[in-house]
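Listing of structure_37.txt, compact mmCIF, C-alpha atoms and all ligand atoms
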# COMPACT_ATOMS: atom_id res chain seq x y z
CA MET A 30 14.37 17.30 -7.48
CA ALA A 31 11.23 19.37 -6.84
CA LYS A 32 10.73 21.02 -3.45
CA VAL A 33 7.85 22.55 -1.49
CA LEU A 34 8.37 25.91 0.23
CA MET A 35 5.76 26.63 2.87
CA ASN A 36 5.08 29.08 5.68
CA LYS A 37 1.90 30.26 7.41
CA ASN A 38 1.00 32.59 4.55
CA ASP A 39 1.92 30.78 1.36
CA LYS A 40 3.12 27.63 -0.37
CA PHE A 41 5.14 27.09 -3.56
CA LEU A 42 5.98 23.97 -5.52
CA VAL A 43 9.41 24.52 -7.06
CA LYS A 44 9.83 22.14 -9.98
CA ASP A 45 13.24 23.33 -11.14
CA THR A 46 15.65 23.71 -8.24
CA SER A 47 18.68 24.25 -10.49
CA LYS A 48 18.02 27.99 -10.64
CA ASP A 49 16.98 30.77 -8.24
CA TYR A 50 13.24 30.83 -7.52
CA HIS A 51 11.46 34.20 -7.59
CA THR A 52 8.31 34.97 -5.58
CA LYS A 53 6.42 38.04 -4.40
CA TYR A 54 8.39 37.69 -1.12
CA GLY A 55 11.76 37.96 -2.89
CA PHE A 56 13.88 35.13 -4.30
CA PHE A 57 15.40 31.91 -2.96
CA LYS A 58 18.98 31.08 -3.96
CA LYS A 59 19.44 27.84 -5.92
CA GLU A 60 22.03 26.65 -3.34
CA ASP A 61 19.35 26.91 -0.62
CA LEU A 62 16.84 24.97 -2.76
CA LYS A 63 19.09 21.89 -2.41
CA LYS A 64 18.30 21.80 1.35
CA ASN A 65 15.62 19.54 2.78
CA ASN A 66 13.57 19.33 6.00
CA SER A 67 14.92 22.69 7.01
CA THR A 68 14.11 26.40 6.74
CA ILE A 69 15.49 28.87 4.21
CA ASN A 70 15.10 32.62 3.68
CA THR A 71 14.37 34.79 0.66
CA ASN A 72 16.75 37.67 -0.09
CA THR A 73 14.25 39.88 1.83
CA ASN A 74 14.48 37.59 4.87
CA LYS A 75 11.12 35.84 4.62
CA LYS A 76 11.42 32.39 6.20
CA PHE A 77 9.98 29.24 4.57
CA SER A 78 10.20 25.53 5.40
CA ILE A 79 11.63 23.40 2.60
CA PHE A 80 10.74 19.73 2.08
CA ASN A 81 10.22 17.05 -0.59
CA PRO A 82 6.76 17.17 -2.19
CA TYR A 83 4.10 14.62 -1.38
CA PHE A 84 1.92 13.18 -4.19
CA ILE A 85 -0.85 15.64 -3.26
CA ASP A 86 1.46 18.65 -3.75
CA PHE A 87 2.00 17.60 -7.37
CA TYR A 88 -1.61 16.47 -7.85
CA ARG A 89 -2.97 19.91 -6.97
CA LYS A 90 -1.01 21.35 -9.92
CA ILE A 91 -2.16 18.99 -12.69
CA LYS A 92 -3.53 20.42 -15.94
CA ARG A 93 -7.30 20.66 -16.09
CA ASN A 94 -9.60 20.71 -19.06
CA ALA A 95 -12.80 18.81 -18.36
CA GLN A 96 -14.39 19.34 -14.92
CA ILE A 97 -12.52 17.12 -12.45
CA ILE A 98 -13.99 15.16 -9.54
CA PRO A 99 -13.18 17.10 -6.34
CA LEU A 100 -11.12 15.48 -3.59
CA LYS A 101 -14.06 15.17 -1.20
CA ASP A 102 -15.78 12.85 -3.72
CA VAL A 103 -12.56 10.99 -4.59
CA GLY A 104 -12.17 10.31 -0.87
CA LEU A 105 -15.68 8.85 -0.69
CA ILE A 106 -15.00 6.52 -3.64
CA VAL A 107 -11.74 5.29 -2.10
CA ALA A 108 -13.29 4.77 1.34
CA GLU A 109 -16.51 3.06 0.22
CA THR A 110 -14.79 0.61 -2.14
CA GLY A 111 -11.72 -0.06 0.02
CA ILE A 112 -9.47 -0.31 -3.03
CA ASP A 113 -5.81 -1.03 -2.37
CA ASN A 114 -2.53 -1.91 -4.03
CA LYS A 115 -3.94 -5.19 -5.39
CA SER A 116 -6.93 -3.58 -7.14
CA LYS A 117 -7.53 -3.43 -10.88
CA VAL A 118 -9.53 -0.33 -11.87
CA VAL A 119 -11.23 1.01 -15.02
CA ASP A 120 -12.13 4.70 -15.27
CA ALA A 121 -14.27 6.51 -17.89
CA GLY A 122 -14.16 9.13 -19.25
CA SER A 123 -10.67 10.24 -18.49
CA GLY A 124 -11.42 13.97 -18.87
CA SER A 125 -8.34 15.64 -17.39
CA GLY A 126 -7.25 12.33 -15.83
CA ALA A 127 -7.61 13.66 -12.30
CA LEU A 128 -9.54 10.73 -10.83
CA CYS A 129 -7.54 8.24 -12.86
CA CYS A 130 -4.23 9.63 -11.54
CA PHE A 131 -5.40 9.80 -7.94
CA LEU A 132 -6.55 6.17 -8.08
CA ALA A 133 -3.36 5.06 -9.87
CA ASN A 134 -1.36 6.31 -6.90
CA ILE A 135 -3.25 3.86 -4.67
CA VAL A 136 -4.08 0.79 -6.76
CA LYS A 137 -2.22 -1.81 -8.85
CA GLU A 138 -3.38 -0.62 -12.29
CA VAL A 139 -5.85 1.75 -13.93
CA THR A 140 -7.18 1.66 -17.49
CA THR A 141 -8.89 4.87 -18.51
CA TYR A 142 -11.29 5.26 -21.49
CA GLU A 143 -11.73 8.57 -23.32
CA ILE A 144 -13.36 9.39 -26.66
CA ARG A 145 -11.67 12.79 -27.16
CA LYS A 146 -8.11 12.73 -28.49
CA ASP A 147 -7.43 16.31 -27.31
CA PHE A 148 -8.29 15.27 -23.73
CA ILE A 149 -6.04 12.22 -24.00
CA GLU A 150 -3.07 14.52 -24.64
CA ILE A 151 -3.76 16.29 -21.33
CA VAL A 152 -4.15 12.98 -19.49
CA LYS A 153 -0.77 11.80 -20.88
CA LYS A 154 0.88 15.01 -19.66
CA ASN A 155 -0.61 14.59 -16.18
CA ILE A 156 0.45 10.93 -15.96
CA ASP A 157 4.03 11.85 -16.98
CA TYR A 158 4.11 14.80 -14.62
CA LEU A 159 3.04 12.59 -11.69
CA GLY A 160 5.47 9.84 -12.71
CA LEU A 161 2.74 7.16 -12.78
CA LYS A 162 3.70 3.89 -14.52
CA ASN A 163 0.52 1.87 -14.00
CA VAL A 164 -2.01 3.71 -16.21
CA LYS A 165 -3.21 2.59 -19.68
CA ILE A 166 -5.17 5.08 -21.78
CA LYS A 167 -7.66 3.85 -24.36
CA ASN A 168 -9.18 6.09 -27.01
CA LYS A 169 -12.45 4.15 -26.91
CA ASP A 170 -16.14 4.58 -26.20
CA ILE A 171 -16.83 2.66 -22.99
CA TYR A 172 -20.48 2.19 -23.98
CA GLU A 173 -19.19 -0.21 -26.67
CA GLY A 174 -17.41 -2.48 -24.22
CA VAL A 175 -14.62 -2.89 -21.66
CA ASP A 176 -11.70 -5.07 -22.77
CA GLU A 177 -10.42 -5.74 -19.22
CA LYS A 178 -11.64 -8.72 -17.17
CA ASN A 179 -11.69 -9.41 -13.40
CA VAL A 180 -11.89 -5.73 -12.60
CA ASP A 181 -12.37 -4.69 -8.96
CA LEU A 182 -13.75 -1.21 -9.60
CA ILE A 183 -15.18 0.68 -12.58
CA VAL A 184 -15.81 4.41 -12.11
CA LEU A 185 -18.03 6.29 -14.54
CA ASP A 186 -18.01 10.06 -14.89
CA LEU A 187 -19.98 10.30 -18.13
CA PRO A 188 -23.11 11.97 -19.48
CA GLU A 189 -25.07 8.68 -19.89
CA PRO A 190 -23.67 6.21 -17.33
CA TRP A 191 -26.55 3.71 -17.75
CA LYS A 192 -25.21 2.97 -21.25
CA ALA A 193 -22.04 1.50 -19.69
CA ILE A 194 -23.83 -0.97 -17.41
CA ASP A 195 -23.66 -3.90 -19.85
CA SER A 196 -19.96 -3.24 -20.56
CA ALA A 197 -19.25 -3.09 -16.81
CA LYS A 198 -21.14 -6.33 -16.14
CA LYS A 199 -18.80 -8.39 -18.35
CA ALA A 200 -15.66 -6.79 -16.93
CA LEU A 201 -16.29 -6.79 -13.18
CA LYS A 202 -15.45 -9.54 -10.70
CA PHE A 203 -18.35 -10.85 -8.59
CA GLY A 204 -18.56 -8.41 -5.70
CA GLY A 205 -16.69 -5.78 -7.73
CA PHE A 206 -17.85 -2.16 -7.58
CA LEU A 207 -19.42 0.03 -10.23
CA VAL A 208 -19.44 3.69 -9.18
CA SER A 209 -21.24 6.39 -11.11
CA TYR A 210 -20.60 10.07 -10.53
CA SER A 211 -23.16 12.51 -11.98
CA PRO A 212 -23.72 16.20 -11.35
CA CYS A 213 -27.51 15.94 -11.85
CA ILE A 214 -30.28 13.87 -10.32
CA PRO A 215 -32.01 12.79 -13.57
CA GLN A 216 -28.80 11.05 -14.71
CA THR A 217 -28.36 9.52 -11.27
CA ALA A 218 -31.95 8.24 -11.22
CA ASP A 219 -31.75 6.78 -14.73
CA PHE A 220 -28.56 4.94 -13.76
CA VAL A 221 -29.88 3.58 -10.45
CA ASN A 222 -33.29 2.64 -11.89
CA LYS A 223 -31.61 0.59 -14.59
CA ILE A 224 -29.42 -1.09 -11.94
CA ASN A 225 -32.51 -1.85 -9.83
CA ASN A 226 -34.01 -3.72 -12.79
CA ASP A 227 -30.85 -5.72 -13.44
CA LYS A 228 -30.53 -9.03 -11.56
CA ASP A 229 -26.72 -8.92 -11.82
CA PHE A 230 -26.25 -5.74 -9.79
CA VAL A 231 -27.24 -4.42 -6.39
CA HIS A 232 -27.53 -0.73 -5.59
CA VAL A 233 -25.66 -0.11 -2.33
CA LYS A 234 -26.19 3.61 -1.93
CA THR A 235 -26.21 7.05 -3.54
CA SER A 236 -24.64 9.94 -1.62
CA GLU A 237 -23.76 13.56 -1.93
CA ILE A 238 -20.89 14.91 0.14
CA ILE A 239 -21.27 18.51 1.26
CA GLU A 240 -18.00 19.97 2.48
CA ARG A 241 -17.93 23.15 4.53
CA GLU A 242 -14.49 24.58 5.19
CA TRP A 243 -14.05 26.84 8.23
CA GLU A 244 -11.88 29.84 8.85
CA ILE A 245 -10.31 29.92 12.34
CA ASP A 246 -8.44 33.04 13.39
CA ASP A 247 -8.57 33.71 17.13
CA ARG A 248 -12.29 34.24 17.87
CA LYS A 249 -13.18 34.85 14.24
CA VAL A 250 -14.46 31.33 13.65
CA ARG A 251 -16.89 30.88 10.81
CA PRO A 252 -17.48 29.02 7.53
CA ARG A 253 -15.29 30.31 4.70
CA SER A 254 -17.27 32.71 2.55
CA GLN A 255 -16.22 31.06 -0.71
CA GLN A 256 -17.04 27.35 -0.75
CA ILE A 257 -17.40 24.60 -3.33
CA GLY A 258 -21.15 24.35 -3.77
CA HIS A 259 -22.66 21.24 -5.29
CA SER A 260 -20.37 18.88 -7.22
CA GLY A 261 -22.04 15.54 -7.84
CA PHE A 262 -23.98 12.50 -6.65
CA VAL A 263 -22.04 9.28 -6.23
CA SER A 264 -23.83 5.95 -6.70
CA PHE A 265 -22.27 2.71 -5.46
CA VAL A 266 -23.31 -0.55 -7.04
CA ARG A 267 -21.92 -4.11 -6.73
CA ARG A 268 -21.81 -6.92 -9.29
CA ILE A 269 -23.56 -10.06 -7.99
C1 LIG B 1 -16.41 15.16 -16.65
S1 LIG B 1 -15.20 14.43 -17.65
C2 LIG B 1 -14.40 13.27 -16.59
C3 LIG B 1 -13.45 13.93 -15.60
C4 LIG B 1 -12.58 12.96 -14.87
N1 LIG B 1 -13.34 12.06 -14.03
C5 LIG B 1 -11.52 13.68 -14.04
O1 LIG B 1 -11.56 13.57 -12.80
O2 LIG B 1 -10.66 14.35 -14.62
C6 LIG B 1 -16.15 13.38 -18.72
C7 LIG B 1 -15.34 12.80 -19.86
O3 LIG B 1 -15.99 11.69 -20.41
C8 LIG B 1 -15.69 11.62 -21.78
N2 LIG B 1 -16.67 10.72 -22.40
C9 LIG B 1 -17.98 11.01 -22.68
N3 LIG B 1 -18.59 9.91 -23.18
C10 LIG B 1 -17.67 8.91 -23.20
C11 LIG B 1 -17.71 7.52 -23.60
N4 LIG B 1 -18.83 6.99 -24.08
N5 LIG B 1 -16.58 6.77 -23.46
C12 LIG B 1 -15.44 7.33 -22.98
N6 LIG B 1 -15.34 8.64 -22.60
C13 LIG B 1 -16.44 9.42 -22.70
C14 LIG B 1 -15.76 13.08 -22.20
O4 LIG B 1 -15.09 13.30 -23.43
C15 LIG B 1 -15.11 13.78 -21.02
O5 LIG B 1 -13.74 13.96 -21.22
The structure given in the file should be rewritten as structure tokens.
Ligand SMILES: C[S@@+](CC[C@H](N)C(=O)[O-])C[C@H]1O[C@@H](n2cnc3c(N)ncnc32)[C@H](O)[C@@H]1O
Amino acid sequence: MAKVLMNKNDKFLVKDTSKDYHTKYGFFKKEDLKKNNSTINTNTNKKFSIFNPYFIDFYRKIKRNAQIIPLKDVGLIVAETGIDNKSKVVDAGSGSGALCCFLANIVKEVTTYEIRKDFIEIVKKNIDYLGLKNVKIKNKDIYEGVDEKNVDLIVLDLPEPWKAIDSAKKALKFGGFLVSYSPCIPQTADFVNKINNDKDFVHVKTSEIIEREWEIDDRKVRPRSQQIGHSGFVSFVRRI
């Protein structure tokens, strides 16, 4: 079983606890890696807490190829749509499968569409690594249609999201959410303008989340010098 080792300076995810684990602080003995909710020392006496990983500890280590949606934006999507363990979700394109995997950990099922076979291989690895059993991957162009029906949420992270509006319309439940994530405003505007001219959808809102992380060390309290700058605009739309 994997373990997390953490102290005030560092954190490690140990996937294989059947052998000693080497770090820049010295090594942990395999016998100690069997412990849980406790503290263990390296051979150079550096103390770390040891505990079972949470989903997020694994998630932060997934393989990445395409640009993934950052957690601040994933959080917005989850909060604004209120999805839960009864929800049926469609995601496109899969990319690295980051959003798809995060959502799969919360909802009943996720179907993810991706046109690139090489990306699908990465998504499969990430799904296996996270032990998710409720994800279906389709090597299909979502602009050509969505096979699923009665879907609660469709999330688009694609170059031309407006081309998926007709596919989404047939798949979504009344009241279901269509969310489009785009890094640039022209894409966002083309998507929302098409929605505004479609009697079967209502545009709820478009937002950008700006996250500013702070460093706090005694009286040295200031924004971290390296920050995520802009990521994307998130548009929320409902099927009526
Ligand atoms: C930015 S990535 C998505 C990243 C993903 N949301 C994540 O968090 O890992 C965009 C993906 O959409 C795929 N794609 C582009 N057009 C598509 C289409 N019409 N149908 C399905 N996938 C498409 C691309 O191949 C690419 O992998």
Quick one, how far is atom CA of A:Ala121 from atom CA of A:Asn155?
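It comes out at 16.0 Å.
Reported to one decimal place, the separation of atom CA of A:Asn81 from atom CA of A:Asp39 is 16.2 Å.
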List every protein, DNA or RNA residue with an atom no more than 12 Å from (-5.5, 20.9, -20.7) in the file's coordinates, counting all atoms listed in the file, and format the result as JSON, numbers by chain.
{"A": [90, 91, 92, 93, 94, 95, 96, 97, 124, 125, 126, 127, 146, 147, 148, 149, 150, 151, 152, 153, 154, 155]}
Go ahead and write the residues just picked, C-alpha atoms, as a PDB file, in the coordinates of the input.
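Final output, again-v4.pdb:
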ATOM      1  CA  LYS A  90      -1.010  21.350  -9.920  1.00  0.00           C
ATOM      2  CA  ILE A  91      -2.160  18.990 -12.690  1.00  0.00           C
ATOM      3  CA  LYS A  92      -3.530  20.420 -15.940  1.00  0.00           C
ATOM      4  CA  ARG A  93      -7.300  20.660 -16.090  1.00  0.00           C
ATOM      5  CA  ASN A  94      -9.600  20.710 -19.060  1.00  0.00           C
ATOM      6  CA  ALA A  95     -12.800  18.810 -18.360  1.00  0.00           C
ATOM      7  CA  GLN A  96     -14.390  19.340 -14.920  1.00  0.00           C
ATOM      8  CA  ILE A  97     -12.520  17.120 -12.450  1.00  0.00           C
ATOM      9  CA  GLY A 124     -11.420  13.970 -18.870  1.00  0.00           C
ATOM     10  CA  SER A 125      -8.340  15.640 -17.390  1.00  0.00           C
ATOM     11  CA  GLY A 126      -7.250  12.330 -15.830  1.00  0.00           C
ATOM     12  CA  ALA A 127      -7.610  13.660 -12.300  1.00  0.00           C
ATOM     13  CA  LYS A 146      -8.110  12.730 -28.490  1.00  0.00           C
ATOM     14  CA  ASP A 147      -7.430  16.310 -27.310  1.00  0.00           C
ATOM     15  CA  PHE A 148      -8.290  15.270 -23.730  1.00  0.00           C
ATOM     16  CA  ILE A 149      -6.040  12.220 -24.000  1.00  0.00           C
ATOM     17  CA  GLU A 150      -3.070  14.520 -24.640  1.00  0.00           C
ATOM     18  CA  ILE A 151      -3.760  16.290 -21.330  1.00  0.00           C
ATOM     19  CA  VAL A 152      -4.150  12.980 -19.490  1.00  0.00           C
ATOM     20  CA  LYS A 153      -0.770  11.800 -20.880  1.00  0.00           C
ATOM     21  CA  LYS A 154       0.880  15.010 -19.660  1.00  0.00           C
ATOM     22  CA  ASN A 155      -0.610  14.590 -16.180  1.00  0.00           C
TER      23      ASN A 155
END
Mind listing the residues within 9 Å of ligand LIG 1 (chain B), all atoms listed in the file counted, as number ranges by chain?
A: 93-99, 103, 120-131, 141-146, 148-149, 152, 167-173, 184-190, 192-193, 210-211
Neighbour list for stretch 240-255 of chain A as JSON, numbers by chain, cut-off 10 Å, all atoms listed in the file, skip fewer than 3 positions in-chain:
{"A": [101, 102, 237, 258, 259]}
Atomic separation - atom CA of A:Tyr54 relative to atom CA of A:Lys40, Å:
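If I compute the distance from atom CA of A:Lys40 to atom CA of A:Tyr54, I get 11.4 Å.
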Quick one: residues within 6 Å of stretch 227-233 of chain A, all atoms listed in the file counted, chain neighbours fewer than 6 positions away excluded, as an MDAnalysis selection string?
chainID A and resid 265:269
With distances taken over only C-alpha atoms, which residue among A:Asn226, A:Ile85, A:Asn179, A:Ile166 lies nearest A:Asn134?
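With only C-alpha atoms as the atom set, the closest residue is A:Ile85.
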Go ahead and find all residues with at least one atom no further than 10 Å from (-5.4, -3.3, -14.1) in the file's coordinates, using all atoms listed in the file; report them as an mmCIF file with C-alpha atoms, in the coordinates of the input.
data_model
loop_
_atom_site.group_PDB
_atom_site.id
_atom_site.type_symbol
_atom_site.label_atom_id
_atom_site.label_comp_id
_atom_site.auth_asym_id
_atom_site.auth_seq_id
_atom_site.Cartn_x
_atom_site.Cartn_y
_atom_site.Cartn_z
ATOM 1 C CA LYS A 115 -3.940 -5.190 -5.390
ATOM 2 C CA SER A 116 -6.930 -3.580 -7.140
ATOM 3 C CA LYS A 117 -7.530 -3.430 -10.880
ATOM 4 C CA VAL A 118 -9.530 -0.330 -11.870
ATOM 5 C CA VAL A 119 -11.230 1.010 -15.020
ATOM 6 C CA ALA A 133 -3.360 5.060 -9.870
ATOM 7 C CA VAL A 136 -4.080 0.790 -6.760
ATOM 8 C CA LYS A 137 -2.220 -1.810 -8.850
ATOM 9 C CA GLU A 138 -3.380 -0.620 -12.290
ATOM 10 C CA VAL A 139 -5.850 1.750 -13.930
ATOM 11 C CA THR A 140 -7.180 1.660 -17.490
ATOM 12 C CA THR A 141 -8.890 4.870 -18.510
ATOM 13 C CA ASN A 163 0.520 1.870 -14.000
ATOM 14 C CA VAL A 164 -2.010 3.710 -16.210
ATOM 15 C CA LYS A 165 -3.210 2.590 -19.680
ATOM 16 C CA GLU A 177 -10.420 -5.740 -19.220
ATOM 17 C CA LYS A 178 -11.640 -8.720 -17.170
ATOM 18 C CA ASN A 179 -11.690 -9.410 -13.400
ATOM 19 C CA VAL A 180 -11.890 -5.730 -12.600
ATOM 20 C CA ASP A 181 -12.370 -4.690 -8.960
ATOM 21 C CA LEU A 182 -13.750 -1.210 -9.600
#
Pick from A:Gly205, A:Gly261, A:Leu159, A:Ser47: nearest to A:Lys59, with all atoms listed in the file counted?
A:Ser47
Which neighbours of A:Thr68 fall inside 9 Å, counting all atoms listed in the file, when residues of the same chain fewer than 3 positions from it are skipped, and could you give them as a list in words?
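The residues that qualify are Leu34, Lys64, Asn65, Lys76, Phe77, Ser78, Ile79 and Phe80 of chain A.
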Measuring atom to atom with all atoms listed in the file, identify which of A:Phe206, A:Tyr158, A:Ala197, A:Ser264 is nearest to A:Asn222.
A:Ser264
Have a look at A:Asn36, A:Asp195, A:Asp49, A:Ile238 and name the one nearest to A:Lys223; count all atoms listed in the file.
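Once distances to A:Lys223 are computed over all atoms listed in the file, the minimum belongs to A:Asp195.
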As a list in words, please: the residues near stretch 73-75 of chain A (cut-off 9 Å, only C-alpha atoms, same-chain neighbours under 4 positions excluded).
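After dropping sequence-adjacent residues, the list is Tyr54, Gly55, Phe56 and Ile69 of chain A.
Shortest atom-to-atom contact with A:Ser260 among A:Leu100, A:Ala31, A:Val221, A:Ile135: A:Leu100, counting only C-alpha atoms.
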Nearest to A:Leu42 among A:Val175, A:Leu62, A:Leu132, A:Ile214, with distances taken over only C-alpha atoms: which residue is it?
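Result for the nearest residue to A:Leu42: A:Leu62.
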Could you rebuild stretch 244-264 of chain A with N, CA and C atoms and give me the result as a PDB file, keeping the file's coordinate frame?
ATOM      1  N   GLU A 244     -12.973  28.921   8.630  1.00  0.00           N
ATOM      2  CA  GLU A 244     -11.880  29.840   8.850  1.00  0.00           C
ATOM      3  C   GLU A 244     -11.722  29.960  10.367  1.00  0.00           C
ATOM      4  N   ILE A 245     -10.499  29.785  10.887  1.00  0.00           N
ATOM      5  CA  ILE A 245     -10.310  29.920  12.340  1.00  0.00           C
ATOM      6  C   ILE A 245      -9.150  30.854  12.586  1.00  0.00           C
ATOM      7  N   ASP A 246      -9.462  32.034  13.123  1.00  0.00           N
ATOM      8  CA  ASP A 246      -8.440  33.040  13.390  1.00  0.00           C
ATOM      9  C   ASP A 246      -8.834  33.717  14.696  1.00  0.00           C
ATOM     10  N   ASP A 247      -8.202  33.252  15.797  1.00  0.00           N
ATOM     11  CA  ASP A 247      -8.570  33.710  17.130  1.00  0.00           C
ATOM     12  C   ASP A 247     -10.058  33.449  17.352  1.00  0.00           C
ATOM     13  N   ARG A 248     -10.856  34.495  17.636  1.00  0.00           N
ATOM     14  CA  ARG A 248     -12.290  34.240  17.870  1.00  0.00           C
ATOM     15  C   ARG A 248     -13.133  34.463  16.619  1.00  0.00           C
ATOM     16  N   LYS A 249     -12.433  34.775  15.517  1.00  0.00           N
ATOM     17  CA  LYS A 249     -13.180  34.850  14.240  1.00  0.00           C
ATOM     18  C   LYS A 249     -13.234  33.413  13.700  1.00  0.00           C
ATOM     19  N   VAL A 250     -14.312  32.741  14.010  1.00  0.00           N
ATOM     20  CA  VAL A 250     -14.460  31.330  13.650  1.00  0.00           C
ATOM     21  C   VAL A 250     -15.771  31.184  12.903  1.00  0.00           C
ATOM     22  N   ARG A 251     -15.659  30.911  11.618  1.00  0.00           N
ATOM     23  CA  ARG A 251     -16.890  30.880  10.810  1.00  0.00           C
ATOM     24  C   ARG A 251     -16.628  30.126   9.505  1.00  0.00           C
ATOM     25  N   PRO A 252     -17.693  29.702   8.810  1.00  0.00           N
ATOM     26  CA  PRO A 252     -17.480  29.020   7.530  1.00  0.00           C
ATOM     27  C   PRO A 252     -16.826  29.983   6.529  1.00  0.00           C
ATOM     28  N   ARG A 253     -15.916  29.462   5.726  1.00  0.00           N
ATOM     29  CA  ARG A 253     -15.290  30.310   4.700  1.00  0.00           C
ATOM     30  C   ARG A 253     -16.364  30.870   3.784  1.00  0.00           C
ATOM     31  N   SER A 254     -16.194  32.127   3.358  1.00  0.00           N
ATOM     32  CA  SER A 254     -17.270  32.710   2.550  1.00  0.00           C
ATOM     33  C   SER A 254     -17.331  32.106   1.154  1.00  0.00           C
ATOM     34  N   GLN A 255     -16.147  31.710   0.610  1.00  0.00           N
ATOM     35  CA  GLN A 255     -16.220  31.060  -0.710  1.00  0.00           C
ATOM     36  C   GLN A 255     -16.044  29.567  -0.537  1.00  0.00           C
ATOM     37  N   GLN A 256     -17.048  28.807  -0.940  1.00  0.00           N
ATOM     38  CA  GLN A 256     -17.040  27.350  -0.750  1.00  0.00           C
ATOM     39  C   GLN A 256     -17.325  26.680  -2.086  1.00  0.00           C
ATOM     40  N   ILE A 257     -16.922  25.384  -2.180  1.00  0.00           N
ATOM     41  CA  ILE A 257     -17.400  24.600  -3.330  1.00  0.00           C
ATOM     42  C   ILE A 257     -18.871  24.363  -3.025  1.00  0.00           C
ATOM     43  N   GLY A 258     -19.735  24.652  -3.979  1.00  0.00           N
ATOM     44  CA  GLY A 258     -21.150  24.350  -3.770  1.00  0.00           C
ATOM     45  C   GLY A 258     -21.375  22.886  -4.099  1.00  0.00           C
ATOM     46  N   HIS A 259     -22.354  22.623  -4.916  1.00  0.00           N
ATOM     47  CA  HIS A 259     -22.660  21.240  -5.290  1.00  0.00           C
ATOM     48  C   HIS A 259     -21.633  20.747  -6.312  1.00  0.00           C
ATOM     49  N   SER A 260     -21.229  19.485  -6.176  1.00  0.00           N
ATOM     50  CA  SER A 260     -20.370  18.880  -7.220  1.00  0.00           C
ATOM     51  C   SER A 260     -21.117  17.743  -7.900  1.00  0.00           C
ATOM     52  N   GLY A 261     -21.365  16.643  -7.174  1.00  0.00           N
ATOM     53  CA  GLY A 261     -22.040  15.540  -7.840  1.00  0.00           C
ATOM     54  C   GLY A 261     -22.617  14.531  -6.861  1.00  0.00           C
ATOM     55  N   PHE A 262     -23.409  13.611  -7.426  1.00  0.00           N
ATOM     56  CA  PHE A 262     -23.980  12.500  -6.650  1.00  0.00           C
ATOM     57  C   PHE A 262     -23.180  11.250  -7.000  1.00  0.00           C
ATOM     58  N   VAL A 263     -22.851  10.467  -5.984  1.00  0.00           N
ATOM     59  CA  VAL A 263     -22.040   9.280  -6.230  1.00  0.00           C
ATOM     60  C   VAL A 263     -22.867   8.045  -5.897  1.00  0.00           C
ATOM     61  N   SER A 264     -23.050   7.184  -6.906  1.00  0.00           N
ATOM     62  CA  SER A 264     -23.830   5.950  -6.700  1.00  0.00           C
ATOM     63  C   SER A 264     -22.903   4.753  -6.661  1.00  0.00           C
TER      64      SER A 264
END
